[in-house]
>>> print(open('coords.txt').read())   # compact mmCIF, C-alpha atoms
# COMPACT_ATOMS: atom_id res chain seq x y z
CA MET P 1493 130.45 -28.59 -89.24
CA LYS P 1494 130.46 -25.18 -87.61
CA GLY P 1495 128.17 -26.36 -84.79
CA HIS P 1496 130.39 -29.40 -84.19
CA PHE P 1497 133.49 -27.21 -83.82
CA SER P 1498 131.77 -24.87 -81.39
CA MET P 1499 130.53 -27.75 -79.25
CA GLN P 1500 133.99 -29.35 -79.29
CA ARG P 1501 135.63 -26.06 -78.33
CA PHE P 1502 133.04 -25.53 -75.58
CA THR P 1503 133.76 -29.00 -74.19
CA VAL P 1504 137.52 -28.38 -74.12
CA VAL P 1505 137.12 -24.95 -72.51
CA ALA P 1506 134.67 -26.33 -69.95
CA ALA P 1507 136.99 -29.24 -69.09
CA LEU P 1508 140.00 -26.92 -68.69
CA SER P 1509 138.00 -24.50 -66.57
CA LEU P 1510 136.78 -27.30 -64.31
CA ALA P 1511 140.30 -28.70 -63.91
CA THR P 1512 141.69 -25.24 -63.11
CA MET P 1513 138.91 -24.57 -60.60
CA SER P 1514 139.48 -27.94 -58.90
CA ALA P 1515 143.22 -27.34 -58.54
CA SER P 1516 142.89 -23.76 -57.37
CA THR P 1517 140.02 -24.58 -55.02
CA ALA P 1518 142.20 -27.05 -53.13
CA LEU P 1519 144.84 -24.37 -52.62
CA ALA P 1520 142.42 -21.52 -52.09
CA GLN P 1521 140.73 -23.22 -49.14
CA PRO P 1522 141.55 -21.11 -46.11
CA PHE P 1523 143.20 -22.71 -43.14
CA LYS P 1524 140.73 -21.90 -40.37
CA THR P 1525 143.09 -23.00 -37.58
CA PRO P 1526 146.86 -22.92 -37.17
CA SER P 1527 146.88 -26.71 -36.64
CA ALA P 1528 145.02 -27.27 -39.92
CA LEU P 1529 147.68 -25.21 -41.71
CA ILE P 1530 150.59 -27.12 -40.16
CA GLU P 1531 149.00 -30.51 -40.86
CA ALA P 1532 148.37 -29.57 -44.50
CA LEU P 1533 151.91 -28.17 -44.83
CA TYR P 1534 153.47 -31.46 -43.71
CA ALA P 1535 151.05 -33.75 -45.58
CA PRO P 1536 153.21 -33.94 -48.76
CA TYR P 1537 156.33 -34.68 -46.72
CA LEU P 1538 154.52 -37.63 -45.15
CA GLY P 1539 152.73 -38.70 -48.34
CA ASN P 1540 153.35 -38.19 -52.03
CA GLY P 1541 156.38 -35.90 -51.68
CA ASP P 1542 155.04 -33.16 -53.98
CA THR P 1543 155.99 -29.98 -52.13
CA SER P 1544 155.65 -27.71 -55.17
CA GLU P 1545 152.60 -25.92 -53.76
CA ARG P 1546 154.31 -24.99 -50.50
CA ASP P 1547 154.07 -21.23 -51.20
CA ALA P 1548 150.27 -21.48 -50.78
CA PHE P 1549 150.99 -21.88 -47.05
CA PHE P 1550 153.15 -18.75 -46.73
CA SER P 1551 152.04 -15.24 -45.78
CA ASP P 1552 152.23 -12.39 -48.24
CA GLY P 1553 155.27 -11.09 -46.33
CA LEU P 1554 157.17 -14.38 -46.46
CA THR P 1555 156.26 -14.89 -50.11
CA GLY P 1556 157.64 -11.40 -50.76
CA LEU P 1557 160.95 -12.30 -49.06
CA TYR P 1558 161.29 -15.35 -51.29
CA ALA P 1559 160.46 -13.27 -54.39
CA THR P 1560 163.01 -10.57 -53.49
CA ASP P 1561 165.62 -13.26 -52.83
CA ALA P 1562 164.95 -14.87 -56.22
CA GLN P 1563 165.31 -11.51 -57.94
CA LYS P 1564 168.52 -10.57 -56.13
CA SER P 1565 170.15 -13.98 -56.58
CA GLN P 1566 169.69 -13.69 -60.38
CA GLY P 1567 169.03 -17.37 -61.02
CA GLU P 1568 171.67 -18.64 -58.60
CA VAL P 1569 170.98 -20.33 -55.27
CA GLY P 1570 169.58 -17.64 -53.03
CA ALA P 1571 169.81 -17.09 -49.31
CA ILE P 1572 168.00 -20.35 -48.53
CA GLY P 1573 169.89 -23.44 -49.69
CA PHE P 1574 167.64 -25.89 -47.87
CA ASP P 1575 163.98 -26.59 -47.21
CA PRO P 1576 163.13 -24.82 -43.94
CA VAL P 1577 160.00 -26.93 -43.41
CA ILE P 1578 162.21 -29.98 -42.82
CA ASN P 1579 165.43 -28.16 -41.87
CA GLY P 1580 167.30 -29.98 -44.63
CA GLN P 1581 167.42 -30.88 -48.29
CA ASP P 1582 166.07 -34.42 -48.14
CA TRP P 1583 163.62 -36.00 -45.82
CA ASP P 1584 162.47 -39.13 -44.15
CA ILE P 1585 160.05 -37.70 -41.61
CA ALA P 1586 158.99 -39.78 -38.61
CA ASP P 1587 157.15 -39.10 -35.38
CA LEU P 1588 155.68 -35.72 -36.40
CA ARG P 1589 154.20 -33.93 -33.39
CA VAL P 1590 152.36 -30.62 -33.63
CA GLY P 1591 152.45 -28.78 -30.32
CA LYS P 1592 149.80 -26.67 -28.68
CA THR P 1593 148.99 -23.46 -30.51
CA GLU P 1594 149.51 -20.16 -28.73
CA ILE P 1595 147.21 -17.56 -30.29
CA SER P 1596 147.40 -13.83 -29.60
CA GLY P 1597 145.00 -11.84 -31.79
CA GLN P 1598 145.95 -12.29 -35.44
CA ALA P 1599 149.23 -14.08 -34.60
CA ALA P 1600 149.98 -17.60 -33.45
CA VAL P 1601 153.00 -19.73 -32.59
CA VAL P 1602 153.15 -23.49 -33.12
CA THR P 1603 156.08 -25.75 -32.27
CA VAL P 1604 156.58 -28.80 -34.47
CA ARG P 1605 158.80 -31.73 -33.56
CA PHE P 1606 159.82 -34.67 -35.73
CA GLU P 1607 162.73 -36.84 -36.70
CA ASN P 1608 164.36 -36.42 -40.09
CA PHE P 1609 166.58 -39.39 -40.89
CA SER P 1610 166.51 -40.18 -37.13
CA THR P 1611 167.78 -36.68 -36.23
CA PRO P 1612 165.48 -34.71 -33.91
CA VAL P 1613 164.18 -31.44 -35.36
CA THR P 1614 162.24 -28.75 -33.51
CA LEU P 1615 160.82 -25.83 -35.49
CA ARG P 1616 158.80 -22.90 -34.20
CA TYR P 1617 156.30 -21.48 -36.66
CA SER P 1618 155.09 -17.89 -36.45
CA LEU P 1619 151.71 -17.68 -38.15
CA ILE P 1620 149.43 -14.81 -39.03
CA ASP P 1621 145.77 -14.68 -39.91
CA GLU P 1622 145.44 -13.03 -43.32
CA ASP P 1623 141.73 -12.39 -43.90
CA GLY P 1624 140.57 -15.57 -42.14
CA ASN P 1625 143.37 -17.72 -43.54
CA TRP P 1626 146.24 -18.77 -41.26
CA GLN P 1627 149.61 -18.54 -43.02
CA VAL P 1628 153.25 -19.20 -42.11
CA ASP P 1629 154.98 -15.86 -41.55
CA ASP P 1630 158.33 -17.12 -40.21
CA ILE P 1631 160.08 -20.34 -39.20
CA GLU P 1632 162.72 -20.75 -36.54
CA SER P 1633 164.98 -23.73 -35.84
CA VAL P 1634 165.25 -23.98 -32.06
CA GLU P 1635 167.25 -27.18 -31.64
CA GLY P 1636 170.64 -28.53 -32.62
CA ASP P 1637 173.96 -26.97 -33.53
CA THR P 1638 172.60 -24.75 -36.28
CA ARG P 1639 169.81 -22.48 -35.14
CA TRP P 1640 168.25 -20.01 -37.52
CA THR P 1641 165.25 -17.82 -38.20
CA LEU P 1642 164.07 -17.68 -41.80
CA SER P 1643 163.46 -13.92 -41.82
CA GLU P 1644 166.96 -13.31 -40.41
CA ILE P 1645 168.56 -15.47 -43.11
CA PHE P 1646 166.85 -13.33 -45.74
CA ALA P 1647 167.75 -10.09 -43.92
CA ASN P 1648 171.44 -11.07 -43.66
CA ALA P 1649 171.78 -12.41 -47.21
CA GLN P 1650 174.69 -11.04 -49.20
CA TYR P 1651 174.43 -11.15 -52.96
>>> encode(input="coords.txt", output="structure tokens")
Amino acid sequence: MKGHFSMQRFTVVAALSLATMSASTALAQPFKTPSALIEALYAPYLGNGDTSERDAFFSDGLTGLYATDAQKSQGEVGAIGFDPVINGQDWDIADLRVGKTEISGQAAVVTVRFENFSTPVTLRYSLIDEDGNWQVDDIESVEGDTRWTLSEIFANAQY
């Protein structure tokens, strides 16, 4: 009986470890190019709609801004009341176009254009290379009546 329990426990632990490794490996894969990062970032918006892993695309600095905002907002809606990746709360993305990447050392800028519910959206992504892994460091809306920069929204937040 004792050997059966140990083998059963080993099987469960091995299965859980394999599942955890598979999930974390998908997220831990570095984005070798800015375009690869942007394409992976938008994939859920064009596919299954599961954007819960979006933070895996953000730089340490941007992740820190979100964490500070969550702490300061004390469970209420923080400084960002919309999804900056789509410049809205809901989405029906069409005609996604990733512009040419401008790279300067460890920084890059990529302009993304698409239609969200038939409304044109243009976003400029500032990316940084963190140890061989391109990450979103800031997002700027450069079209329409409401223009914003994500880092400025956090900086100007009043709690």
>>> closest_atom_pairs(input="coords.txt", of="segment 1515-1554 of chain P", to="segment 1604-1615 of chain P", cutoff="12 Å", atoms="all atoms listed in the file", output="tab-separated table")
residue	atom	partner	partner_atom	distance
P:Pro1526	CA	P:Val1604	CA	11.7
P:Ser1527	CA	P:Val1604	CA	10.2
P:Ile1530	CA	P:Val1604	CA	8.4
P:Glu1531	CA	P:Val1604	CA	10.1
P:Leu1533	CA	P:Val1604	CA	11.4
P:Tyr1534	CA	P:Val1604	CA	10.1
P:Tyr1537	CA	P:Asn1608	CA	10.6
P:Leu1538	CA	P:Asn1608	CA	11.1
>>> closest_residue(input="coords.txt", among="P:Asn1579, P:Thr1638, P:Thr1525, P:Ser1544", to="Ala1599 of chain P", atoms="all atoms listed in the file")
P:Thr1525
>>> residues_around(input="coords.txt", residues="segment 1559-1570 of chain P", least_positions_apart="3", cutoff="9 Å", atoms="all atoms listed in the file", output="PyMOL selection string")
chain P and resi 1554-1556+1573+1646+1649+1651
>>> atom_distance(input="coords.txt", atom1="atom CA of Asp1629 of chain P", atom2="atom CA of Asp1582 of chain P")
22.6 Å
>>> atom_distance(input="coords.txt", atom1="atom CA of Ala1571 of chain P", atom2="atom CA of Gly1553 of chain P")
16.0 Å
>>> atom_distance(input="coords.txt", atom1="atom CA of Val1628 of chain P", atom2="atom CA of Glu1594 of chain P")
13.9 Å
>>> closest_residue(input="coords.txt", among="P:Tyr1558, P:Trp1626, P:Ile1620, P:Val1590", to="Ala1647 of chain P", atoms="all atoms listed in the file")
P:Tyr1558
>>> residues_around(input="coords.txt", residues="Pro1522 of chain P", least_positions_apart="6", cutoff="10 Å", atoms="only C-alpha atoms", output="list in words")
Ala1528, Leu1529, Ala1548, Phe1549, Asp1621, Glu1622, Asp1623, Gly1624, Asn1625, Trp1626 and Gln1627 of chain P
>>> closest_residue(input="coords.txt", among="P:Asp1575, P:Leu1557, P:Phe1550, P:Gly1539", to="Ser1643 of chain P", atoms="all atoms listed in the file")
P:Leu1557
>>> residues_near_point(input="coords.txt", point="(151.8, -28.5, -28.7)", cutoff="8 Å", atoms="only C-alpha atoms", output="ChimeraX atom specification")
/P:1589-1593,1602-1604
>>> closest_residue(input="coords.txt", among="P:Ser1618, P:Ser1633, P:Ser1596, P:Asn1540", to="Ile1578 of chain P", atoms="only C-alpha atoms")
P:Ser1633
>>> closest_residue(input="coords.txt", among="P:Asp1637, P:Asp1552, P:Asp1630, P:Glu1644", to="Val1577 of chain P", atoms="all atoms listed in the file")
P:Asp1630
